[in-house]
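The next block holds one structure in the form of structure tokens; read it before the comments.
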Amino acid sequence: MAKVLDDISRTFNEYLLLPNLTDERCIPENVSLRTPLVKFEKGESPKYEANVPMVSAIMQAVSGEEMGIALAREGGVCFIYESQSIESQAEMVRRVKQKKAGFIRSDSNVKSGTPLREVVELVKRTGHSTVMITKDGTATGKFLGLVTDKDYRISRVDLDDPVDKYMVPKKKIICGKSGITLTEANDMIWEHKISCLPILADNGNLEYLVFRKDYENDKNNPLSLLDDNKRYIVGAGINTRDYKERIPALVDAGVDLICMDSSDGFSIWQKNTIDWVRQNYGDSVKIGAGNVVDKDGFNYLADAGADFIKVGVGGGSICITRETKGIGRGQASALMDVVKARDEYFKKNGVYIPICSDGGIVHDYHIILALAMGADFVMMGRYFARFDESPSRKVKRNGSFLKEYWGEGSNRARNWQRYDLGGDKDKLSFEEGVDSYIPYAGPLKDNLTITVNKIKSTMCNCGSITIKEFHKKARLTLVSNISIKEGSAHDVILKEIENN
Ligand code: IMP
């Protein structure tokens, strides 16, 4: 007979936090949400940490290059989706890495002799009013000059004229030298009252551009997650099929973290993939594994050498795995079981392997509960898909703005590698996810700021100013159905409803 666990499969909604003593340290300004992303030995620090404990799901509707930049800017990590060709995924990673905070590779370039008409079209397409003219028309070609939309008046010019006639030539442009620091570049921008500073290599080739407006941006984003070269940290999903080709392409593009994308990570294929990474890259490539839902799954992937481990099967908002296949576990139960295993593993081996709670976060307070239950960070799809920066379409339905959101196991995404167990290539024989709409929520920054404020506030209520302290001190209670009702507004007539 099958073994039946004693405990019930429980979810976040079934728990509440109890307040602890709030002492004088416990004010939101003092709270740090810095958290480890990869494993580390006792007494050492991890190679990668996030400044907010949130990463974006490995999904077509969530994690493209725009999300990569926006999320890193706020201190989290985006995992670029893997259900696309190796080339296009690597290109997305490359574009995030090229967006070195402050130093940007020019993405609007033409070669000398290009008719002005093409420049005008380029400006319209990209929305960037400054175009670089290089000898070969590439972002790193010999720099000849630049043209902005202030240099030509469309109604008065002959659009067949070569751009050279209107560009400001190099000799009249203030340029920075390769190797200049961001502070020095910004000093030059202010000193010469210019809005864009091209940075040139010794041989006169264009390297980067520094814009005045990005300086303002950086000042507004003190939590930006940057590598040693001031480029944004970015992750990417991989699968256990084409990893021997995909990983080298991603590493070449500059990826910081990779993560296996699978609905069931308790498998020999994940171990084989980690083995291959260690044989070829040693510890220099950081690889996350999962998803698992219990101690056995955690220990297997921990012993296999995973750098972080993801928890969750069947809890995603677009997920129908549980009803399709009858497999999964309530996210709260799964998480707490795995957290226990992580702490035992740390005690026994002196190695701390961060845990990511993946899927099922609907309300901001679910993030707080996941952290209280011991997660080091959370992965979210629905949450991020609602924002301007997700790659999905914004549509208007019945007067409201919505965003499209579809599962990787839906027919729309056809991410067969995530679900396939050895069947035909490119085939997704049944669906494990749906195609849906979610309410549009605006820019990531505005929403994330509110979420972060809520997390900090609750942590203060619970007497904690770091996630580590919160892990130790948090106290949770199970709630009854009736007490859930008590938790939202009740026995009053809400004005909004009355007005409708
Ligand atoms: P959400 O944050 O609740 O929307 O869940 C996102 C998570 O659901 C992802 O990170 C994946 O682990 C998982 N997921 C993505 N696509 C599917 C699917 O089609 N079926 C089941 N789970 C999915």
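Starting from 1 in every chain, residues are counted up; chains themselves are A, B, ... following the order of the structure tokens, and ligands are numbered from 1 as listed.
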
Per residue of chain A within 7 Å of ligand 1, note the shortest atom pair and the distance in Å to one decimal, counting only C-alpha atoms and all ligand atoms, and order the rows by chain and increasing residue number, as a tab-separated table.
residue	atom	partner	partner_atom_place_in_ligand_line	distance
A:Ala57	CA	ligand 1	10 (O)	4.1
A:Ile58	CA	ligand 1	10 (O)	5.9
A:Met59	CA	ligand 1	15 (C)	6.3
A:Ser263	CA	ligand 1	12 (O)	6.4
A:Gly312	CA	ligand 1	12 (O)	6.8
A:Gly314	CA	ligand 1	21 (C)	5.8
A:Gly315	CA	ligand 1	3 (O)	6.2
A:Gly316	CA	ligand 1	3 (O)	3.4
A:Ser317	CA	ligand 1	3 (O)	3.8
A:Ile318	CA	ligand 1	18 (C)	5.8
A:Cys319	CA	ligand 1	21 (C)	3.5
A:Ile320	CA	ligand 1	20 (N)	5.8
A:Thr321	CA	ligand 1	21 (C)	5.6
A:Asp358	CA	ligand 1	10 (O)	5.3
A:Gly359	CA	ligand 1	5 (O)	3.5
A:Gly360	CA	ligand 1	3 (O)	3.7
A:Ile361	CA	ligand 1	3 (O)	5.3
A:Val362	CA	ligand 1	3 (O)	6.7
A:Met379	CA	ligand 1	10 (O)	5.8
A:Met380	CA	ligand 1	2 (O)	3.7
A:Gly381	CA	ligand 1	2 (O)	3.6
A:Arg382	CA	ligand 1	4 (O)	3.8
A:Tyr383	CA	ligand 1	2 (O)	6.1
A:Trp406	CA	ligand 1	19 (O)	6.9
A:Gly407	CA	ligand 1	19 (O)	3.2
A:Glu408	CA	ligand 1	16 (N)	3.8
A:Gly409	CA	ligand 1	19 (O)	3.2
A:Ser410	CA	ligand 1	19 (O)	5.0
A:Glu432	CA	ligand 1	20 (N)	4.5
A:Gly433	CA	ligand 1	19 (O)	3.2
A:Val434	CA	ligand 1	19 (O)	6.2

Preceding selection exported with N, CA and C atoms as a PDB file, in the first residue's frame:
ATOM      1  N   ALA A  57       9.909  34.459 -12.726  1.00  0.00           N
ATOM      2  CA  ALA A  57       9.775  33.080 -13.211  1.00  0.00           C
ATOM      3  C   ALA A  57      10.343  32.908 -14.612  1.00  0.00           C
ATOM      4  N   ILE A  58      10.798  31.675 -14.869  1.00  0.00           N
ATOM      5  CA  ILE A  58      11.399  31.335 -16.169  1.00  0.00           C
ATOM      6  C   ILE A  58      10.253  31.105 -17.148  1.00  0.00           C
ATOM      7  N   MET A  59       9.644  32.193 -17.605  1.00  0.00           N
ATOM      8  CA  MET A  59       8.440  32.044 -18.429  1.00  0.00           C
ATOM      9  C   MET A  59       8.402  33.085 -19.542  1.00  0.00           C
ATOM     10  N   SER A 263       9.239  20.963 -13.972  1.00  0.00           N
ATOM     11  CA  SER A 263       8.126  20.835 -13.047  1.00  0.00           C
ATOM     12  C   SER A 263       8.423  19.731 -12.024  1.00  0.00           C
ATOM     13  N   GLY A 312       8.333  23.653  -5.078  1.00  0.00           N
ATOM     14  CA  GLY A 312       6.959  23.896  -5.512  1.00  0.00           C
ATOM     15  C   GLY A 312       6.554  23.061  -6.706  1.00  0.00           C
ATOM     16  N   GLY A 314       2.884  22.358  -8.654  1.00  0.00           N
ATOM     17  CA  GLY A 314       1.427  22.443  -8.789  1.00  0.00           C
ATOM     18  C   GLY A 314       0.779  23.655  -8.171  1.00  0.00           C
ATOM     19  N   GLY A 315       1.567  24.597  -7.630  1.00  0.00           N
ATOM     20  CA  GLY A 315       0.960  25.740  -6.941  1.00  0.00           C
ATOM     21  C   GLY A 315       0.849  26.983  -7.789  1.00  0.00           C
ATOM     22  N   GLY A 316       1.454  26.985  -8.969  1.00  0.00           N
ATOM     23  CA  GLY A 316       1.466  28.178  -9.822  1.00  0.00           C
ATOM     24  C   GLY A 316       0.050  28.590 -10.216  1.00  0.00           C
ATOM     25  N   SER A 317      -0.140  29.902 -10.414  1.00  0.00           N
ATOM     26  CA  SER A 317      -1.485  30.404 -10.702  1.00  0.00           C
ATOM     27  C   SER A 317      -2.033  29.875 -12.025  1.00  0.00           C
ATOM     28  N   ILE A 318      -1.150  29.570 -12.984  1.00  0.00           N
ATOM     29  CA  ILE A 318      -1.593  29.101 -14.304  1.00  0.00           C
ATOM     30  C   ILE A 318      -1.462  27.576 -14.412  1.00  0.00           C
ATOM     31  N   CYS A 319      -1.156  26.939 -13.243  1.00  0.00           N
ATOM     32  CA  CYS A 319      -0.788  25.524 -13.252  1.00  0.00           C
ATOM     33  C   CYS A 319      -2.000  24.600 -13.082  1.00  0.00           C
ATOM     34  N   ILE A 320      -2.074  23.571 -13.923  1.00  0.00           N
ATOM     35  CA  ILE A 320      -3.139  22.579 -13.739  1.00  0.00           C
ATOM     36  C   ILE A 320      -2.530  21.183 -13.544  1.00  0.00           C
ATOM     37  N   THR A 321      -1.255  21.165 -13.120  1.00  0.00           N
ATOM     38  CA  THR A 321      -0.555  19.891 -12.932  1.00  0.00           C
ATOM     39  C   THR A 321      -1.293  18.986 -11.944  1.00  0.00           C
ATOM     40  N   ASP A 358       8.781  28.704  -5.153  1.00  0.00           N
ATOM     41  CA  ASP A 358       8.365  29.024  -6.525  1.00  0.00           C
ATOM     42  C   ASP A 358       6.883  28.714  -6.760  1.00  0.00           C
ATOM     43  N   GLY A 359       6.115  29.758  -7.041  1.00  0.00           N
ATOM     44  CA  GLY A 359       4.713  29.576  -7.454  1.00  0.00           C
ATOM     45  C   GLY A 359       3.723  29.782  -6.323  1.00  0.00           C
ATOM     46  N   GLY A 360       2.536  30.245  -6.694  1.00  0.00           N
ATOM     47  CA  GLY A 360       1.449  30.338  -5.726  1.00  0.00           C
ATOM     48  C   GLY A 360       1.412  31.604  -4.906  1.00  0.00           C
ATOM     49  N   ILE A 361       2.292  32.578  -5.229  1.00  0.00           N
ATOM     50  CA  ILE A 361       2.240  33.846  -4.494  1.00  0.00           C
ATOM     51  C   ILE A 361       1.169  34.716  -5.155  1.00  0.00           C
ATOM     52  N   VAL A 362       0.103  34.988  -4.424  1.00  0.00           N
ATOM     53  CA  VAL A 362      -0.977  35.803  -4.983  1.00  0.00           C
ATOM     54  C   VAL A 362      -0.974  37.187  -4.335  1.00  0.00           C
ATOM     55  N   MET A 379      10.230  32.960  -6.162  1.00  0.00           N
ATOM     56  CA  MET A 379      10.127  33.138  -7.619  1.00  0.00           C
ATOM     57  C   MET A 379       8.656  33.363  -7.938  1.00  0.00           C
ATOM     58  N   MET A 380       8.396  34.387  -8.790  1.00  0.00           N
ATOM     59  CA  MET A 380       7.001  34.701  -9.081  1.00  0.00           C
ATOM     60  C   MET A 380       6.793  34.931 -10.573  1.00  0.00           C
ATOM     61  N   GLY A 381       5.666  34.426 -11.054  1.00  0.00           N
ATOM     62  CA  GLY A 381       5.299  34.615 -12.448  1.00  0.00           C
ATOM     63  C   GLY A 381       4.204  35.649 -12.567  1.00  0.00           C
ATOM     64  N   ARG A 382       3.036  35.318 -12.004  1.00  0.00           N
ATOM     65  CA  ARG A 382       1.870  36.201 -12.079  1.00  0.00           C
ATOM     66  C   ARG A 382       2.193  37.617 -11.586  1.00  0.00           C
ATOM     67  N   TYR A 383       2.897  37.687 -10.481  1.00  0.00           N
ATOM     68  CA  TYR A 383       3.228  38.979  -9.882  1.00  0.00           C
ATOM     69  C   TYR A 383       3.912  39.895 -10.902  1.00  0.00           C
ATOM     70  N   TRP A 406       0.441  33.232 -19.653  1.00  0.00           N
ATOM     71  CA  TRP A 406       0.225  31.829 -19.987  1.00  0.00           C
ATOM     72  C   TRP A 406       1.331  30.950 -19.400  1.00  0.00           C
ATOM     73  N   GLY A 407       0.951  29.709 -19.054  1.00  0.00           N
ATOM     74  CA  GLY A 407       1.889  28.767 -18.446  1.00  0.00           C
ATOM     75  C   GLY A 407       2.853  28.199 -19.472  1.00  0.00           C
ATOM     76  N   GLU A 408       4.011  27.785 -18.973  1.00  0.00           N
ATOM     77  CA  GLU A 408       4.998  27.151 -19.856  1.00  0.00           C
ATOM     78  C   GLU A 408       4.510  25.788 -20.332  1.00  0.00           C
ATOM     79  N   GLY A 409       3.556  25.219 -19.583  1.00  0.00           N
ATOM     80  CA  GLY A 409       3.017  23.916 -19.973  1.00  0.00           C
ATOM     81  C   GLY A 409       1.725  24.048 -20.769  1.00  0.00           C
ATOM     82  N   SER A 410       1.414  25.272 -21.181  1.00  0.00           N
ATOM     83  CA  SER A 410       0.220  25.464 -22.010  1.00  0.00           C
ATOM     84  C   SER A 410       0.592  25.240 -23.466  1.00  0.00           C
ATOM     85  N   GLU A 432      -0.264  21.256 -19.087  1.00  0.00           N
ATOM     86  CA  GLU A 432      -0.187  21.357 -17.622  1.00  0.00           C
ATOM     87  C   GLU A 432      -0.346  22.808 -17.188  1.00  0.00           C
ATOM     88  N   GLY A 433      -0.731  23.664 -18.149  1.00  0.00           N
ATOM     89  CA  GLY A 433      -0.901  25.072 -17.807  1.00  0.00           C
ATOM     90  C   GLY A 433      -1.958  25.697 -18.688  1.00  0.00           C
ATOM     91  N   VAL A 434      -2.425  26.875 -18.266  1.00  0.00           N
ATOM     92  CA  VAL A 434      -3.493  27.542 -19.013  1.00  0.00           C
ATOM     93  C   VAL A 434      -2.995  28.859 -19.600  1.00  0.00           C
TER      94      VAL A 434
END

For segment 385-393 of chain A, please output as a compact mmCIF listing (two decimals) with all heavy atoms, in the first residue's frame all residues within 10 Å (counting only C-alpha atoms; exclusion window: fewer than 4 positions along the same chain).
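Everything below was put into around.txt:
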# COMPACT_ATOMS: atom_id res chain seq x y z
N SER A 56 12.21 36.55 -10.93
CA SER A 56 11.08 36.37 -11.84
C SER A 56 11.12 34.98 -12.47
O SER A 56 12.18 34.41 -12.71
CB SER A 56 11.10 37.45 -12.91
OG SER A 56 12.22 37.30 -13.74
N ALA A 57 9.91 34.46 -12.73
CA ALA A 57 9.78 33.08 -13.21
C ALA A 57 10.34 32.91 -14.61
O ALA A 57 10.33 33.83 -15.43
CB ALA A 57 8.30 32.69 -13.20
N MET A 59 9.64 32.19 -17.61
CA MET A 59 8.44 32.04 -18.43
C MET A 59 8.40 33.08 -19.54
O MET A 59 8.80 34.24 -19.34
CB MET A 59 7.19 32.21 -17.54
CG MET A 59 7.07 31.14 -16.47
SD MET A 59 5.69 31.46 -15.31
CE MET A 59 4.28 31.10 -16.34
N GLN A 60 7.86 32.66 -20.68
CA GLN A 60 7.76 33.55 -21.85
C GLN A 60 6.99 34.83 -21.52
O GLN A 60 7.30 35.90 -22.02
CB GLN A 60 7.01 32.83 -22.99
CG GLN A 60 7.78 31.70 -23.60
CD GLN A 60 6.95 30.95 -24.63
OE1 GLN A 60 5.81 31.28 -24.92
NE2 GLN A 60 7.55 29.91 -25.20
N ALA A 61 5.96 34.69 -20.69
CA ALA A 61 5.09 35.84 -20.42
C ALA A 61 5.66 36.75 -19.33
O ALA A 61 5.02 37.72 -18.95
CB ALA A 61 3.71 35.34 -20.00
N VAL A 62 6.85 36.40 -18.82
CA VAL A 62 7.36 37.12 -17.65
C VAL A 62 8.76 37.71 -17.86
O VAL A 62 8.98 38.90 -17.66
CB VAL A 62 7.39 36.19 -16.41
CG1 VAL A 62 7.87 36.93 -15.18
CG2 VAL A 62 6.03 35.55 -16.15
N SER A 63 9.69 36.84 -18.27
CA SER A 63 11.10 37.20 -18.13
C SER A 63 11.84 37.38 -19.44
O SER A 63 12.50 36.47 -19.93
CB SER A 63 11.81 36.14 -17.27
OG SER A 63 11.27 36.13 -15.99
N GLY A 64 11.76 38.59 -19.98
CA GLY A 64 12.57 38.95 -21.15
C GLY A 64 13.62 39.96 -20.72
O GLY A 64 13.84 40.17 -19.52
N GLU A 65 14.25 40.60 -21.71
CA GLU A 65 15.36 41.49 -21.37
C GLU A 65 14.92 42.74 -20.60
O GLU A 65 15.64 43.22 -19.73
CB GLU A 65 16.14 41.87 -22.63
CG GLU A 65 15.31 42.63 -23.63
CD GLU A 65 15.95 42.62 -25.01
OE1 GLU A 65 15.99 41.55 -25.64
OE2 GLU A 65 16.38 43.68 -25.45
N GLU A 66 13.72 43.25 -20.92
CA GLU A 66 13.27 44.44 -20.21
C GLU A 66 13.07 44.15 -18.72
O GLU A 66 13.40 44.95 -17.85
CB GLU A 66 11.93 44.90 -20.79
CG GLU A 66 12.01 46.19 -21.56
CD GLU A 66 10.63 46.75 -21.81
OE1 GLU A 66 10.01 46.33 -22.81
OE2 GLU A 66 10.17 47.56 -21.01
N MET A 67 12.51 42.96 -18.45
CA MET A 67 12.33 42.56 -17.05
C MET A 67 13.71 42.40 -16.40
O MET A 67 13.91 42.74 -15.23
CB MET A 67 11.55 41.23 -16.99
CG MET A 67 11.22 40.76 -15.60
SD MET A 67 10.16 41.89 -14.68
CE MET A 67 8.62 41.71 -15.53
N GLY A 68 14.66 41.86 -17.18
CA GLY A 68 16.03 41.65 -16.67
C GLY A 68 16.61 42.94 -16.14
O GLY A 68 17.18 42.98 -15.04
N ILE A 69 16.45 43.99 -16.91
CA ILE A 69 17.04 45.28 -16.51
C ILE A 69 16.24 45.88 -15.35
O ILE A 69 16.80 46.30 -14.33
CB ILE A 69 17.07 46.24 -17.72
CG1 ILE A 69 18.06 45.70 -18.76
CG2 ILE A 69 17.45 47.65 -17.29
CD1 ILE A 69 17.89 46.27 -20.14
N ALA A 70 14.90 45.88 -15.50
CA ALA A 70 14.07 46.55 -14.48
C ALA A 70 14.20 45.89 -13.11
O ALA A 70 14.27 46.56 -12.09
CB ALA A 70 12.61 46.53 -14.93
N LEU A 71 14.26 44.55 -13.11
CA LEU A 71 14.30 43.84 -11.82
C LEU A 71 15.68 43.98 -11.16
O LEU A 71 15.78 44.20 -9.94
CB LEU A 71 13.89 42.37 -12.02
CG LEU A 71 13.69 41.53 -10.78
CD1 LEU A 71 12.86 42.22 -9.72
CD2 LEU A 71 13.04 40.19 -11.14
N MET A 380 8.40 34.39 -8.79
CA MET A 380 7.00 34.70 -9.08
C MET A 380 6.79 34.93 -10.57
O MET A 380 7.64 35.55 -11.23
CB MET A 380 6.58 35.96 -8.32
CG MET A 380 6.70 35.80 -6.81
SD MET A 380 6.16 37.25 -5.90
CE MET A 380 7.45 38.41 -6.26
N GLY A 381 5.67 34.43 -11.05
CA GLY A 381 5.30 34.61 -12.45
C GLY A 381 4.20 35.65 -12.57
O GLY A 381 4.39 36.74 -13.11
N LEU A 402 -5.73 44.67 -19.06
CA LEU A 402 -5.26 43.36 -18.60
C LEU A 402 -3.95 43.03 -19.30
O LEU A 402 -3.62 43.62 -20.33
CB LEU A 402 -6.29 42.27 -18.95
CG LEU A 402 -7.73 42.51 -18.49
CD1 LEU A 402 -8.67 41.48 -19.11
CD2 LEU A 402 -7.81 42.42 -16.96
N LYS A 403 -3.20 42.07 -18.76
CA LYS A 403 -2.02 41.55 -19.45
C LYS A 403 -2.27 40.07 -19.68
O LYS A 403 -2.92 39.40 -18.88
CB LYS A 403 -0.76 41.70 -18.58
CG LYS A 403 -0.24 43.10 -18.44
CD LYS A 403 0.69 43.51 -19.57
CE LYS A 403 2.15 43.35 -19.23
NZ LYS A 403 3.07 43.81 -20.29
N GLU A 404 -1.71 39.57 -20.78
CA GLU A 404 -1.83 38.13 -21.03
C GLU A 404 -0.81 37.38 -20.17
O GLU A 404 0.29 37.88 -19.93
CB GLU A 404 -1.56 37.85 -22.50
CG GLU A 404 -2.63 38.41 -23.41
CD GLU A 404 -2.39 38.01 -24.86
OE1 GLU A 404 -1.23 38.02 -25.29
OE2 GLU A 404 -3.36 37.70 -25.54
N TYR A 405 -1.20 36.23 -19.71
CA TYR A 405 -0.28 35.41 -18.89
C TYR A 405 -0.56 33.94 -19.16
O TYR A 405 -1.69 33.49 -18.97
CB TYR A 405 -0.49 35.75 -17.40
CG TYR A 405 0.41 34.98 -16.46
CD1 TYR A 405 1.77 34.80 -16.74
CD2 TYR A 405 -0.08 34.43 -15.27
CE1 TYR A 405 2.60 34.10 -15.86
CE2 TYR A 405 0.74 33.75 -14.39
CZ TYR A 405 2.09 33.58 -14.70
OH TYR A 405 2.90 32.89 -13.84
N TRP A 406 0.44 33.23 -19.65
CA TRP A 406 0.22 31.83 -19.99
C TRP A 406 1.33 30.95 -19.40
O TRP A 406 2.47 31.36 -19.25
CB TRP A 406 0.13 31.63 -21.50
CG TRP A 406 1.35 32.03 -22.29
CD1 TRP A 406 2.35 31.22 -22.74
CD2 TRP A 406 1.70 33.36 -22.71
NE1 TRP A 406 3.30 31.96 -23.41
CE2 TRP A 406 2.92 33.27 -23.42
CE3 TRP A 406 1.10 34.62 -22.57
CZ2 TRP A 406 3.55 34.38 -23.97
CZ3 TRP A 406 1.75 35.73 -23.13
CH2 TRP A 406 2.94 35.60 -23.82
N TYR A 437 -5.67 35.87 -18.61
CA TYR A 437 -5.46 37.31 -18.43
C TYR A 437 -5.28 37.59 -16.93
O TYR A 437 -5.84 36.89 -16.09
CB TYR A 437 -6.69 38.11 -18.87
CG TYR A 437 -6.99 38.05 -20.34
CD1 TYR A 437 -8.17 37.47 -20.79
CD2 TYR A 437 -6.12 38.62 -21.26
CE1 TYR A 437 -8.45 37.44 -22.14
CE2 TYR A 437 -6.40 38.59 -22.61
CZ TYR A 437 -7.57 38.00 -23.05
OH TYR A 437 -7.85 37.96 -24.38
N ILE A 438 -4.53 38.64 -16.66
CA ILE A 438 -4.42 39.11 -15.26
C ILE A 438 -4.52 40.64 -15.28
O ILE A 438 -4.23 41.25 -16.31
CB ILE A 438 -3.08 38.67 -14.62
CG1 ILE A 438 -1.92 38.93 -15.59
CG2 ILE A 438 -3.11 37.22 -14.21
CD1 ILE A 438 -0.57 38.65 -14.99
N PRO A 439 -4.92 41.25 -14.18
CA PRO A 439 -5.05 42.72 -14.19
C PRO A 439 -3.70 43.39 -14.41
O PRO A 439 -2.70 43.01 -13.79
CB PRO A 439 -5.58 43.04 -12.78
CG PRO A 439 -6.06 41.75 -12.23
CD PRO A 439 -5.30 40.65 -12.90
N TYR A 440 -3.70 44.38 -15.29
CA TYR A 440 -2.48 45.16 -15.55
C TYR A 440 -2.19 46.04 -14.34
O TYR A 440 -3.11 46.60 -13.75
CB TYR A 440 -2.71 46.00 -16.81
CG TYR A 440 -1.76 47.14 -17.00
CD1 TYR A 440 -0.42 46.89 -17.29
CD2 TYR A 440 -2.19 48.46 -16.89
CE1 TYR A 440 0.46 47.95 -17.47
CE2 TYR A 440 -1.31 49.52 -17.08
CZ TYR A 440 0.01 49.25 -17.36
OH TYR A 440 0.88 50.29 -17.53
N ALA A 441 -0.92 46.15 -13.97
CA ALA A 441 -0.63 46.87 -12.73
C ALA A 441 0.35 48.04 -12.86
O ALA A 441 0.72 48.65 -11.87
CB ALA A 441 -0.11 45.89 -11.68
N GLY A 442 0.82 48.35 -14.10
CA GLY A 442 1.70 49.51 -14.25
C GLY A 442 3.17 49.16 -14.16
O GLY A 442 3.56 48.01 -14.40
N PRO A 443 4.00 50.13 -13.78
CA PRO A 443 5.45 49.89 -13.77
C PRO A 443 5.90 49.03 -12.59
O PRO A 443 5.33 49.11 -11.50
CB PRO A 443 6.06 51.29 -13.63
CG PRO A 443 4.96 52.25 -13.56
CD PRO A 443 3.66 51.52 -13.43
N LEU A 444 6.93 48.23 -12.83
CA LEU A 444 7.47 47.33 -11.79
C LEU A 444 7.90 48.12 -10.54
O LEU A 444 7.56 47.74 -9.43
CB LEU A 444 8.65 46.55 -12.38
CG LEU A 444 9.40 45.62 -11.44
CD1 LEU A 444 9.82 44.36 -12.20
CD2 LEU A 444 10.64 46.23 -10.83
N LYS A 445 8.61 49.21 -10.78
CA LYS A 445 9.20 49.94 -9.64
C LYS A 445 8.14 50.35 -8.62
O LYS A 445 8.31 50.13 -7.42
CB LYS A 445 9.95 51.16 -10.16
CG LYS A 445 10.75 51.89 -9.10
CD LYS A 445 11.48 53.07 -9.68
CE LYS A 445 12.23 53.83 -8.64
NZ LYS A 445 13.30 53.08 -7.99
N ASP A 446 7.03 50.92 -9.12
CA ASP A 446 6.00 51.42 -8.19
C ASP A 446 5.44 50.27 -7.35
O ASP A 446 5.25 50.41 -6.14
CB ASP A 446 4.83 52.03 -8.98
CG ASP A 446 5.26 53.28 -9.72
OD1 ASP A 446 6.40 53.72 -9.51
OD2 ASP A 446 4.46 53.78 -10.52
N ASN A 447 5.17 49.15 -8.00
CA ASN A 447 4.57 48.01 -7.30
C ASN A 447 5.54 47.35 -6.34
O ASN A 447 5.18 46.99 -5.21
CB ASN A 447 4.08 46.98 -8.32
CG ASN A 447 2.86 47.47 -9.07
OD1 ASN A 447 1.75 47.38 -8.57
ND2 ASN A 447 3.06 48.03 -10.25

For the interface of segment 251-335 of chain A with segment 77-98 of chain A (cut-off 7 Å, counting only C-alpha atoms), please tabulate each contacting residue of segment 251-335 of chain A alongside its nearest pair of atoms and their separation in Å to one decimal, rows sorted by chain and increasing number, as a Markdown table.
| residue | atom | partner | partner_atom | distance |
| --- | --- | --- | --- | --- |
| A:Ala253 | CA | A:Arg94 | CA | 4.8 |
| A:Gly254 | CA | A:Arg94 | CA | 6.4 |
| A:Val255 | CA | A:Val93 | CA | 6.2 |

**Request:** Skip Asn109 of chain A itself and residues of its chain fewer than 2 positions away, then list as a PyMOL selection string all residues within 6 Å of it, counting only C-alpha atoms.
**Result:** chain A and resi 131-133+137

**Message:** as a list in words, please: every residue in segment 263-373 of chain A that DSSP puts in strand (DSSP E or B).
**Reply:** Lys286, Ile287, Gly288, Ala289, Gly290, Asn291, Val292, Phe308, Ile309, Lys310, Val311, Cys319, Val351, Tyr352, Ile355, Cys356, Ser357 and Asp358 of chain A

**Request:** Go through A:Val311, A:Asp164, A:Ile104, A:Lys244 and flag the residue nearest Arg212 of chain A, using only C-alpha atoms for the distances.
**Result:** A:Ile104

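When atom CA of Asp296 of chain A is paired with atom CA of Ser357 of chain A, their separation reads 16.5 Å.
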
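Proximity of A:Arg125, A:Arg25, A:Lys177, A:Arg418 to Gly237 of chain A, computed with only C-alpha atoms, is greatest for A:Arg418.
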
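Across the model, the gap from atom CA of Asp343 of chain A to atom CA of Phe298 of chain A is 11.1 Å.
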
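Distance-wise, atom CA of Glu29 of chain A and atom CA of Ile465 of chain A end up 9.2 Å apart.
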
Counting only C-alpha atoms, give me one row per residue of segment 13-108 of chain A with an atom at most 12 Å from an atom of segment 141-148 of chain A, showing the shortest contact pair and its distance in Å to one decimal, sorted by chain then residue number, as a Markdown table.
| residue | atom | partner | partner_atom | distance |
| --- | --- | --- | --- | --- |
| A:Arg105 | CA | A:Gly141 | CA | 11.5 |
| A:Ser106 | CA | A:Gly141 | CA | 10.7 |
| A:Ser108 | CA | A:Leu146 | CA | 10.2 |

Please produce a file of those selected residues containing N, CA, C and O atoms, as a PDB file, in the first residue's frame.
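selection37.pdb, written as the output of this step:
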ATOM      1  N   ARG A 105      25.723  50.157 -24.379  1.00  0.00           N
ATOM      2  CA  ARG A 105      26.122  49.944 -25.776  1.00  0.00           C
ATOM      3  C   ARG A 105      25.072  50.616 -26.649  1.00  0.00           C
ATOM      4  O   ARG A 105      23.871  50.419 -26.446  1.00  0.00           O
ATOM      5  N   SER A 106      25.528  51.380 -27.579  1.00  0.00           N
ATOM      6  CA  SER A 106      24.584  52.107 -28.435  1.00  0.00           C
ATOM      7  C   SER A 106      23.758  51.132 -29.266  1.00  0.00           C
ATOM      8  O   SER A 106      24.313  50.247 -29.916  1.00  0.00           O
ATOM      9  N   SER A 108      21.355  52.342 -31.486  1.00  0.00           N
ATOM     10  CA  SER A 108      20.871  53.029 -32.683  1.00  0.00           C
ATOM     11  C   SER A 108      22.093  53.536 -33.445  1.00  0.00           C
ATOM     12  O   SER A 108      22.665  54.575 -33.089  1.00  0.00           O
TER      13      SER A 108
END

**Prompt:** Within 9 Å of Asn30 of chain A, counting only C-alpha atoms, which residues qualify if same-chain residues fewer than 2 places away don't, as an MDAnalysis selection string?
**Reply:** chainID A and resid 25:28 32 456 465:466

Export N, CA and C atoms of the chosen residues as a short mmCIF file (atom, residue, chain, number, x, y, z; two decimals), in the first residue's frame?
data_model
loop_
_atom_site.label_atom_id
_atom_site.label_comp_id
_atom_site.auth_asym_id
_atom_site.auth_seq_id
_atom_site.Cartn_x
_atom_site.Cartn_y
_atom_site.Cartn_z
N ARG A 25 15.31 48.93 17.33
CA ARG A 25 15.98 48.71 16.03
C ARG A 25 14.95 48.57 14.91
N CYS A 26 13.75 48.14 15.31
CA CYS A 26 12.77 47.67 14.31
C CYS A 26 11.99 48.79 13.66
N ILE A 27 12.68 49.55 12.81
CA ILE A 27 11.99 50.52 11.96
C ILE A 27 12.35 50.16 10.51
N PRO A 28 11.42 50.40 9.57
CA PRO A 28 11.64 49.96 8.19
C PRO A 28 12.99 50.40 7.60
N SER A 32 17.06 45.18 6.33
CA SER A 32 17.78 44.77 5.11
C SER A 32 17.13 43.50 4.57
N LYS A 456 8.90 44.87 4.90
CA LYS A 456 9.70 45.48 5.98
C LYS A 456 8.84 45.77 7.20
N ILE A 465 15.04 42.54 11.75
CA ILE A 465 15.48 43.51 10.74
C ILE A 465 16.33 42.86 9.64
N THR A 466 16.53 41.55 9.73
CA THR A 466 17.15 40.84 8.60
C THR A 466 16.33 39.58 8.34
#
